[in-house]
file run_3.pdb (PDB, C-alpha atoms)
ATOM      1  CA  MET N   1      85.823 102.450  65.535
ATOM      2  CA  LYS N   2      86.987 101.163  68.895
ATOM      3  CA  LEU N   3      85.323 102.455  72.068
ATOM      4  CA  LEU N   4      88.376 104.344  73.375
ATOM      5  CA  GLU N   5      90.079 105.264  70.108
ATOM      6  CA  GLY N   6      92.212 108.395  70.472
ATOM      7  CA  LYS N   7      91.884 108.568  74.261
ATOM      8  CA  THR N   8      94.694 108.419  76.811
ATOM      9  CA  ALA N   9      94.127 106.614  80.102
ATOM     10  CA  LEU N  10      96.109 106.877  83.327
ATOM     11  CA  ILE N  11      95.728 103.862  85.600
ATOM     12  CA  THR N  12      97.399 103.692  89.011
ATOM     13  CA  GLY N  13      98.721 100.421  90.444
ATOM     14  CA  ALA N  14      98.384  98.684  87.089
ATOM     15  CA  ALA N  15     101.458  96.468  86.742
ATOM     16  CA  ARG N  16      99.367  93.463  87.797
ATOM     17  CA  GLY N  17      95.896  92.334  88.917
ATOM     18  CA  ILE N  18      92.749  94.345  88.241
ATOM     19  CA  GLY N  19      94.723  97.392  87.146
ATOM     20  CA  LYS N  20      96.560  95.403  84.488
ATOM     21  CA  ALA N  21      93.306  93.844  83.249
ATOM     22  CA  VAL N  22      91.797  97.327  82.919
ATOM     23  CA  ALA N  23      94.876  98.566  81.046
ATOM     24  CA  LEU N  24      94.777  95.634  78.613
ATOM     25  CA  LYS N  25      91.055  96.043  77.972
ATOM     26  CA  PHE N  26      91.401  99.793  77.431
ATOM     27  CA  ALA N  27      94.303  99.194  75.034
ATOM     28  CA  SER N  28      92.281  96.608  73.102
ATOM     29  CA  GLU N  29      89.668  99.352  72.646
ATOM     30  CA  GLY N  30      92.272 101.748  71.235
ATOM     31  CA  ALA N  31      93.348 103.791  74.275
ATOM     32  CA  ASN N  32      96.937 104.839  74.847
ATOM     33  CA  ILE N  33      97.964 103.767  78.339
ATOM     34  CA  ALA N  34     100.064 105.434  81.025
ATOM     35  CA  PHE N  35     100.223 103.354  84.181
ATOM     36  CA  THR N  36     101.940 103.709  87.517
ATOM     37  CA  ASP N  37     103.200 101.325  90.147
ATOM     38  CA  LEU N  38     105.497 101.680  93.132
ATOM     39  CA  VAL N  39     108.322 100.299  91.016
ATOM     40  CA  ILE N  40     108.444  99.351  87.368
ATOM     41  CA  ASP N  41     110.275  96.036  87.681
ATOM     42  CA  GLU N  42     110.224  93.026  85.351
ATOM     43  CA  THR N  43     106.481  92.643  85.958
ATOM     44  CA  GLY N  44     105.792  96.257  85.053
ATOM     45  CA  GLN N  45     108.033  96.074  82.003
ATOM     46  CA  ALA N  46     106.224  92.929  80.853
ATOM     47  CA  THR N  47     102.877  94.722  81.235
ATOM     48  CA  GLU N  48     104.211  97.638  79.168
ATOM     49  CA  THR N  49     105.347  95.223  76.445
ATOM     50  CA  GLU N  50     101.935  93.496  76.381
ATOM     51  CA  LEU N  51     100.191  96.834  75.988
ATOM     52  CA  ILE N  52     102.451  98.043  73.181
ATOM     53  CA  ALA N  53     101.850  94.733  71.363
ATOM     54  CA  LEU N  54      98.193  95.759  71.101
ATOM     55  CA  GLY N  55      99.214  98.627  68.834
ATOM     56  CA  VAL N  56      98.902 101.539  71.246
ATOM     57  CA  LYS N  57     101.356 103.870  72.953
ATOM     58  CA  ALA N  58     102.042 102.682  76.507
ATOM     59  CA  LYS N  59     104.464 103.526  79.281
ATOM     60  CA  GLY N  60     104.880 102.526  82.925
ATOM     61  CA  TYR N  61     105.951 105.093  85.525
ATOM     62  CA  ALA N  62     107.467 104.380  88.932
ATOM     63  CA  SER N  63     105.511 106.518  91.386
ATOM     64  CA  ASN N  64     104.289 106.317  94.967
ATOM     65  CA  ALA N  65     100.602 107.118  94.505
ATOM     66  CA  ALA N  66     100.271 108.011  98.193
ATOM     67  CA  ASN N  67     102.788 110.848  97.802
ATOM     68  CA  PHE N  68     101.189 114.161  96.805
ATOM     69  CA  GLU N  69     104.279 115.622  95.094
ATOM     70  CA  GLU N  70     105.092 112.403  93.212
ATOM     71  CA  ALA N  71     101.518 112.142  91.924
ATOM     72  CA  HIS N  72     101.647 115.691  90.569
ATOM     73  CA  LYS N  73     105.065 115.158  88.973
ATOM     74  CA  VAL N  74     104.030 111.953  87.221
ATOM     75  CA  VAL N  75     100.834 113.568  85.895
ATOM     76  CA  GLU N  76     102.947 116.435  84.488
ATOM     77  CA  GLN N  77     105.277 113.916  82.855
ATOM     78  CA  ILE N  78     102.395 111.916  81.369
ATOM     79  CA  VAL N  79     100.802 115.037  79.889
ATOM     80  CA  SER N  80     104.209 115.905  78.403
ATOM     81  CA  ASP N  81     104.618 112.388  76.971
ATOM     82  CA  PHE N  82     101.054 111.761  75.771
ATOM     83  CA  GLY N  83      99.650 115.252  75.245
ATOM     84  CA  ARG N  84      96.449 114.691  77.210
ATOM     85  CA  ILE N  85      94.718 112.510  79.802
ATOM     86  CA  ASP N  86      91.096 111.566  79.138
ATOM     87  CA  ILE N  87      90.583 108.809  81.691
ATOM     88  CA  LEU N  88      91.856 108.371  85.247
ATOM     89  CA  VAL N  89      91.438 105.048  87.042
ATOM     90  CA  ASN N  90      92.366 105.238  90.727
ATOM     91  CA  ASN N  91      93.194 101.583  91.245
ATOM     92  CA  ALA N  92      96.232 101.605  93.578
ATOM     93  CA  GLY N  93      95.361  99.733  96.755
ATOM     94  CA  ILE N  94      96.548  97.510  99.581
ATOM     95  CA  THR N  95      95.069  95.617 102.528
ATOM     96  CA  ARG N  96      96.344  95.380 106.085
ATOM     97  CA  ASP N  97      93.519  93.459 107.735
ATOM     98  CA  GLY N  98      92.959  93.091 111.451
ATOM     99  CA  LEU N  99      90.320  93.433 114.133
ATOM    100  CA  MET N 100      89.931  96.971 115.455
ATOM    101  CA  MET N 101      91.154  96.132 118.957
ATOM    102  CA  ARG N 102      94.395  94.776 117.480
ATOM    103  CA  MET N 103      94.820  97.180 114.566
ATOM    104  CA  SER N 104      97.900  99.384 114.784
ATOM    105  CA  GLU N 105      97.978 103.030 113.802
ATOM    106  CA  GLN N 106     100.442 102.074 111.075
ATOM    107  CA  GLN N 107      97.990  99.529 109.588
ATOM    108  CA  TRP N 108      95.297 102.210 109.514
ATOM    109  CA  ASP N 109      97.495 104.940 108.058
ATOM    110  CA  MET N 110      99.047 102.751 105.351
ATOM    111  CA  VAL N 111      95.690 101.647 103.950
ATOM    112  CA  ILE N 112      94.107 105.114 104.092
ATOM    113  CA  ASN N 113      97.161 106.687 102.434
ATOM    114  CA  VAL N 114      97.603 104.149  99.645
ATOM    115  CA  ASN N 115      93.912 103.628  98.881
ATOM    116  CA  LEU N 116      92.204 106.945  99.599
ATOM    117  CA  LYS N 117      94.839 109.672  99.719
ATOM    118  CA  SER N 118      96.283 108.429  96.426
ATOM    119  CA  ALA N 119      92.901 108.961  94.768
ATOM    120  CA  PHE N 120      92.821 112.530  96.105
ATOM    121  CA  ASN N 121      96.398 113.087  94.930
ATOM    122  CA  PHE N 122      95.708 112.045  91.353
ATOM    123  CA  ILE N 123      92.313 113.732  91.082
ATOM    124  CA  HIS N 124      93.875 116.933  92.435
ATOM    125  CA  ALA N 125      96.682 116.695  89.866
ATOM    126  CA  ILE N 126      94.472 115.809  86.933
ATOM    127  CA  THR N 127      91.607 118.272  87.507
ATOM    128  CA  PRO N 128      93.302 121.240  85.753
ATOM    129  CA  VAL N 129      94.183 118.978  82.802
ATOM    130  CA  MET N 130      90.632 117.741  82.325
ATOM    131  CA  MET N 131      89.155 121.213  82.928
ATOM    132  CA  ARG N 132      91.268 122.597  80.073
ATOM    133  CA  GLN N 133      90.065 119.729  77.882
ATOM    134  CA  LYS N 134      86.458 120.255  79.084
ATOM    135  CA  SER N 135      86.079 116.493  79.276
ATOM    136  CA  GLY N 136      87.227 113.477  81.237
ATOM    137  CA  SER N 137      86.173 110.326  83.045
ATOM    138  CA  ILE N 138      87.401 109.555  86.562
ATOM    139  CA  ILE N 139      86.892 106.034  87.894
ATOM    140  CA  ASN N 140      87.577 105.138  91.526
ATOM    141  CA  MET N 141      88.111 101.434  92.208
ATOM    142  CA  ALA N 142      86.158 101.027  95.441
ATOM    143  CA  SER N 143      84.773  97.759  96.878
ATOM    144  CA  VAL N 144      81.559  96.177  98.075
ATOM    145  CA  VAL N 145      82.968  96.414 101.608
ATOM    146  CA  GLY N 146      83.061 100.174 101.157
ATOM    147  CA  VAL N 147      79.270  99.947 100.975
ATOM    148  CA  SER N 148      78.501  97.118 103.397
ATOM    149  CA  GLY N 149      81.543  97.104 105.715
ATOM    150  CA  ASN N 150      83.394  93.979 106.768
ATOM    151  CA  ALA N 151      84.639  92.701 110.124
ATOM    152  CA  GLY N 152      88.419  92.789 110.304
ATOM    153  CA  GLN N 153      88.680  95.332 107.510
ATOM    154  CA  ALA N 154      87.734  98.642 109.136
ATOM    155  CA  ASN N 155      90.671 100.419 107.505
ATOM    156  CA  TYR N 156      90.066  98.971 104.031
ATOM    157  CA  SER N 157      86.288  99.492 104.234
ATOM    158  CA  ALA N 158      86.731 103.088 105.373
ATOM    159  CA  SER N 159      89.186 103.809 102.565
ATOM    160  CA  LYS N 160      86.852 102.366  99.931
ATOM    161  CA  ALA N 161      83.805 104.172 101.347
ATOM    162  CA  GLY N 162      85.895 107.328 101.142
ATOM    163  CA  MET N 163      86.610 106.680  97.469
ATOM    164  CA  ILE N 164      82.870 106.432  96.822
ATOM    165  CA  GLY N 165      82.195 109.725  98.591
ATOM    166  CA  LEU N 166      85.092 111.301  96.722
ATOM    167  CA  ALA N 167      83.729 110.202  93.329
ATOM    168  CA  LYS N 168      80.238 111.479  94.136
ATOM    169  CA  SER N 169      81.582 114.852  95.301
ATOM    170  CA  ILE N 170      83.832 115.288  92.261
ATOM    171  CA  ALA N 171      80.888 114.412  89.995
ATOM    172  CA  LYS N 172      78.986 117.352  91.482
ATOM    173  CA  GLU N 173      81.973 119.717  91.418
ATOM    174  CA  LEU N 174      83.177 119.042  87.892
ATOM    175  CA  GLY N 175      80.055 117.960  86.006
ATOM    176  CA  SER N 176      79.556 121.443  84.557
ATOM    177  CA  ARG N 177      83.025 121.138  82.973
ATOM    178  CA  GLY N 178      82.145 117.919  81.163
ATOM    179  CA  ILE N 179      84.031 115.731  83.643
ATOM    180  CA  ARG N 180      82.367 112.588  84.978
ATOM    181  CA  ALA N 181      83.312 110.641  88.115
ATOM    182  CA  ASN N 182      82.078 107.208  89.126
ATOM    183  CA  ALA N 183      83.096 104.314  91.355
ATOM    184  CA  ILE N 184      83.238 100.581  90.760
ATOM    185  CA  ALA N 185      82.609  98.295  93.734
ATOM    186  CA  PRO N 186      84.119  94.877  92.956
ATOM    187  CA  GLY N 187      83.125  91.943  95.110
ATOM    188  CA  PHE N 188      85.187  88.788  95.510
ATOM    189  CA  ILE N 189      87.594  88.989  92.568
ATOM    190  CA  ILE N 190      90.172  86.269  91.915
ATOM    191  CA  THR N 191      93.537  88.066  92.128
ATOM    192  CA  ASP N 192      96.891  87.543  93.834
ATOM    193  CA  MET N 193      95.447  89.390  96.844
ATOM    194  CA  THR N 194      92.516  86.981  97.271
ATOM    195  CA  ALA N 195      94.607  83.941  96.289
ATOM    196  CA  ALA N 196      96.440  84.364  99.587
ATOM    197  CA  LEU N 197      93.222  83.444 101.441
ATOM    198  CA  SER N 198      92.628  79.870 102.566
ATOM    199  CA  ASP N 199      90.427  77.471 100.578
ATOM    200  CA  GLU N 200      87.910  77.541 103.434
ATOM    201  CA  VAL N 201      87.619  81.332 103.344
ATOM    202  CA  ARG N 202      87.234  81.355  99.558
ATOM    203  CA  ALA N 203      84.527  78.674  99.787
ATOM    204  CA  GLU N 204      82.638  80.738 102.368
ATOM    205  CA  TRP N 205      82.780  83.771 100.084
ATOM    206  CA  ALA N 206      81.404  81.738  97.154
ATOM    207  CA  LYS N 207      78.378  80.679  99.231
ATOM    208  CA  GLN N 208      77.409  84.351  99.642
ATOM    209  CA  ILE N 209      77.469  85.030  95.884
ATOM    210  CA  PRO N 210      74.277  84.299  93.895
ATOM    211  CA  LEU N 211      76.354  83.550  90.769
ATOM    212  CA  ARG N 212      78.343  81.068  92.899
ATOM    213  CA  ARG N 213      81.752  82.136  91.643
ATOM    214  CA  GLY N 214      84.392  84.739  92.222
ATOM    215  CA  GLY N 215      84.720  87.434  89.620
ATOM    216  CA  THR N 216      87.656  87.894  87.281
ATOM    217  CA  PRO N 217      89.723  91.040  86.755
ATOM    218  CA  GLU N 218      88.263  91.073  83.238
ATOM    219  CA  ASP N 219      84.728  91.327  84.689
ATOM    220  CA  VAL N 220      85.822  94.550  86.396
ATOM    221  CA  ALA N 221      87.697  95.772  83.313
ATOM    222  CA  ASN N 222      84.556  95.458  81.183
ATOM    223  CA  VAL N 223      82.619  97.763  83.493
ATOM    224  CA  ALA N 224      85.552 100.189  83.652
ATOM    225  CA  THR N 225      85.537 100.299  79.842
ATOM    226  CA  PHE N 226      81.853 101.253  79.863
ATOM    227  CA  LEU N 227      82.513 104.074  82.345
ATOM    228  CA  ALA N 228      85.584 105.274  80.421
ATOM    229  CA  SER N 229      83.797 105.358  77.080
ATOM    230  CA  ASP N 230      81.139 107.600  75.576
ATOM    231  CA  LEU N 231      78.624 104.783  76.122
ATOM    232  CA  SER N 232      78.301 106.182  79.664
ATOM    233  CA  SER N 233      78.273 109.864  78.669
ATOM    234  CA  TYR N 234      75.228 110.520  80.903
ATOM    235  CA  VAL N 235      76.444 108.443  83.865
ATOM    236  CA  THR N 236      78.176 110.253  86.729
ATOM    237  CA  GLY N 237      78.239 110.096  90.518
ATOM    238  CA  GLN N 238      77.290 106.418  90.480
ATOM    239  CA  VAL N 239      78.582 103.243  92.121
ATOM    240  CA  ILE N 240      78.428 100.129  89.936
ATOM    241  CA  HIS N 241      78.696  96.848  91.818
ATOM    242  CA  VAL N 242      80.621  94.062  90.093
ATOM    243  CA  CYS N 243      79.985  91.366  92.663
ATOM    244  CA  GLY N 244      77.886  88.550  91.163
ATOM    245  CA  GLY N 245      74.894  89.758  93.196
ATOM    246  CA  MET N 246      76.665  89.564  96.565
ATOM    247  CA  ASN N 247      75.499  93.096  97.442
ATOM    248  CA  MET N 248      71.910  93.679  96.350
TER     249      MET N 248
END
call {"tool": "encode", "arguments": {"input": "run_3.pdb", "output": "C-alpha cells"}}
result
Amino acid sequence: MKLLEGKTALITGAARGIGKAVALKFASEGANIAFTDLVIDETGQATETELIALGVKAKGYASNAANFEEAHKVVEQIVSDFGRIDILVNNAGITRDGLMMRMSEQQWDMVINVNLKSAFNFIHAITPVMMRQKSGSIINMASVVGVSGNAGQANYSASKAGMIGLAKSIAKELGSRGIRANAIAPGFIITDMTAALSDEVRAEWAKQIPLRRGGTPEDVANVATFLASDLSSYVTGQVIHVCGGMNM
C-alpha cells in the first residue's frame, strides 16, 4: 500500500516549483491532490494533467491565498469536490528582498500577506474540517532564514519565522484532536526563484553548504511526504531542516 493511499492533500501555490514537486510526490504515493495558485493558466493546467496521469483525482483552483474569504471559499469547494482534506501544505510564497533602510511598506506587507497570512487563512478554514475528521497533518513551508535570519530579507525571514511559530502553536492547540502541525525549513533549493540569482551569489551559497550543492524540490517533497504520512504519526510541533547541513 502506498504511503498516502486514500488521503486528500491541499497544497497552496503548487502550479510550479516546490509546491508542484510536493504534489507530484504525494500523488505518486496515492494521495488525491487539490492545489491552488493565483491563476490556473497553462502551467497550472499542465500540472493538473501530470497529476491525473499518476492515477489520482486532481484539480487546480484559482485562489488568492492571502485573501481570507477566498481561502475559506476554496476550502469549502475542495471539501465538496473531494469529500475530505487530510493534509494541508502551506507553500504559497513570494520574495521582495531589500535592505531595511530601503524597504517599502508595500514590500513588507506583500511578503507578510502572501507568506504568513495565507497560512493563517488556510489553517483557519481547514481546522473545522480536520476536527470533524479527528485527524490531519498541517505542513508549513518555512525556510532556514526563518530560523537564522538573513540580511536583505527581513520581510521574508519574519514571515517564515512566523510560519514556524504558527505551526508550533497549532500543534499545541489541535494535538488533542489528532491533528499534527510541523514546519519544513528548506535551505538553498534550485527553483525558478533562486535561478534568478547571479552565478556568483549561487556559488557563495554553495560554499556555505556542507553537502556542497543546492537542494532540489524533490528533496523537500520527500520530507513533506514523511510529515504527511503515518510514518510521522508521533511527530508534531517540529521544524525539519532540508538544507544540506547549512543550518546546524
call {"tool": "residues_around", "arguments": {"input": "run_3.pdb", "residues": "Thr194 of chain N", "least_positions_apart": "4", "cutoff": "12 Å", "atoms": "all atoms listed in the file", "output": "MDAnalysis selection string"}}
result
chainID N and resid 17:18 94:95 187:190 198:199 201:203 205 214:217
call {"tool": "resolve_selection", "arguments": {"input": "run_3.pdb", "expression": "the PyMOL selection byres ((chain N and resi 221) around 8)", "output": "list in words"}}
result
Ile18, Ala21, Val22, Lys25, Pro217, Glu218, Asp219, Val220, Asn222, Val223, Ala224 and Thr225 of chain N
call {"tool": "write_last_selection", "arguments": {"input": "run_3.pdb", "atoms": "C-alpha atoms", "output": "compact mmCIF listing (two decimals), keeping the file's coordinate frame"}}
result
# COMPACT_ATOMS: atom_id res chain seq x y z
CA ILE N 18 92.75 94.34 88.24
CA ALA N 21 93.31 93.84 83.25
CA VAL N 22 91.80 97.33 82.92
CA LYS N 25 91.06 96.04 77.97
CA PRO N 217 89.72 91.04 86.76
CA GLU N 218 88.26 91.07 83.24
CA ASP N 219 84.73 91.33 84.69
CA VAL N 220 85.82 94.55 86.40
CA ASN N 222 84.56 95.46 81.18
CA VAL N 223 82.62 97.76 83.49
CA ALA N 224 85.55 100.19 83.65
CA THR N 225 85.54 100.30 79.84
call {"tool": "resolve_selection", "arguments": {"input": "run_3.pdb", "expression": "the PyMOL selection byres ((chain N and resi 140-145) around 7)", "output": "count of residues only"}}
result
23
call {"tool": "atom_distance", "arguments": {"input": "run_3.pdb", "atom1": "atom CA of Met246 of chain N", "atom2": "atom CA of Leu99 of chain N"}}
result
22.6 Å
call {"tool": "resolve_selection", "arguments": {"input": "run_3.pdb", "expression": "the PyMOL selection byres ((chain N and resi 211) around 9)", "output": "list in words"}}
result
Ala206, Gln208, Ile209, Pro210, Arg212, Arg213, Gly214, Cys243, Gly244, Gly245 and Met246 of chain N
call {"tool": "write_last_selection", "arguments": {"input": "run_3.pdb", "atoms": "C-alpha atoms", "output": "mmCIF file, keeping the file's coordinate frame"}}
result
data_model
loop_
_atom_site.group_PDB
_atom_site.id
_atom_site.type_symbol
_atom_site.label_atom_id
_atom_site.label_comp_id
_atom_site.auth_asym_id
_atom_site.auth_seq_id
_atom_site.Cartn_x
_atom_site.Cartn_y
_atom_site.Cartn_z
ATOM 1 C CA ALA N 206 81.404 81.738 97.154
ATOM 2 C CA GLN N 208 77.409 84.351 99.642
ATOM 3 C CA ILE N 209 77.469 85.030 95.884
ATOM 4 C CA PRO N 210 74.277 84.299 93.895
ATOM 5 C CA ARG N 212 78.343 81.068 92.899
ATOM 6 C CA ARG N 213 81.752 82.136 91.643
ATOM 7 C CA GLY N 214 84.392 84.739 92.222
ATOM 8 C CA CYS N 243 79.985 91.366 92.663
ATOM 9 C CA GLY N 244 77.886 88.550 91.163
ATOM 10 C CA GLY N 245 74.894 89.758 93.196
ATOM 11 C CA MET N 246 76.665 89.564 96.565
#
call {"tool": "atom_distance", "arguments": {"input": "run_3.pdb", "atom1": "atom CA of Arg96 of chain N", "atom2": "atom CA of Glu70 of chain N"}}
result
23.1 Å
call {"tool": "closest_residue", "arguments": {"input": "run_3.pdb", "among": "N:Gln45, N:Thr12, N:Ser159, N:Thr236", "to": "Ile123 of chain N", "atoms": "all atoms listed in the file"}}
result
N:Thr12
call {"tool": "closest_residue", "arguments": {"input": "run_3.pdb", "among": "N:Leu54, N:Val39, N:Ala228, N:Val114", "to": "Asn67 of chain N", "atoms": "all atoms listed in the file"}}
result
N:Val114
call {"tool": "residues_near_point", "arguments": {"input": "run_3.pdb", "point": "(105.4, 102.9, 77.2)", "cutoff": "10 Å", "atoms": "all atoms listed in the file", "output": "list in words"}}
result
Asn32, Ile33, Ala34, Phe35, Gln45, Thr47, Glu48, Thr49, Leu51, Ile52, Val56, Lys57, Ala58, Lys59, Gly60, Tyr61, Asp81 and Phe82 of chain N
call {"tool": "write_last_selection", "arguments": {"input": "run_3.pdb", "atoms": "C-alpha atoms", "output": "PDB file, in the frame of the given file"}}
result
ATOM      1  CA  ASN N  32      96.937 104.839  74.847  1.00  0.00           C
ATOM      2  CA  ILE N  33      97.964 103.767  78.339  1.00  0.00           C
ATOM      3  CA  ALA N  34     100.064 105.434  81.025  1.00  0.00           C
ATOM      4  CA  PHE N  35     100.223 103.354  84.181  1.00  0.00           C
ATOM      5  CA  GLN N  45     108.033  96.074  82.003  1.00  0.00           C
ATOM      6  CA  THR N  47     102.877  94.722  81.235  1.00  0.00           C
ATOM      7  CA  GLU N  48     104.211  97.638  79.168  1.00  0.00           C
ATOM      8  CA  THR N  49     105.347  95.223  76.445  1.00  0.00           C
ATOM      9  CA  LEU N  51     100.191  96.834  75.988  1.00  0.00           C
ATOM     10  CA  ILE N  52     102.451  98.043  73.181  1.00  0.00           C
ATOM     11  CA  VAL N  56      98.902 101.539  71.246  1.00  0.00           C
ATOM     12  CA  LYS N  57     101.356 103.870  72.953  1.00  0.00           C
ATOM     13  CA  ALA N  58     102.042 102.682  76.507  1.00  0.00           C
ATOM     14  CA  LYS N  59     104.464 103.526  79.281  1.00  0.00           C
ATOM     15  CA  GLY N  60     104.880 102.526  82.925  1.00  0.00           C
ATOM     16  CA  TYR N  61     105.951 105.093  85.525  1.00  0.00           C
ATOM     17  CA  ASP N  81     104.618 112.388  76.971  1.00  0.00           C
ATOM     18  CA  PHE N  82     101.054 111.761  75.771  1.00  0.00           C
TER      19      PHE N  82
END
call {"tool": "closest_residue", "arguments": {"input": "run_3.pdb", "among": "N:Ile85, N:Val235, N:Ala92, N:Met248", "to": "Phe120 of chain N", "atoms": "only C-alpha atoms"}}
result
N:Ala92
call {"tool": "atom_distance", "arguments": {"input": "run_3.pdb", "atom1": "atom CA of Lys20 of chain N", "atom2": "atom CA of Glu50 of chain N"}}
result
9.9 Å
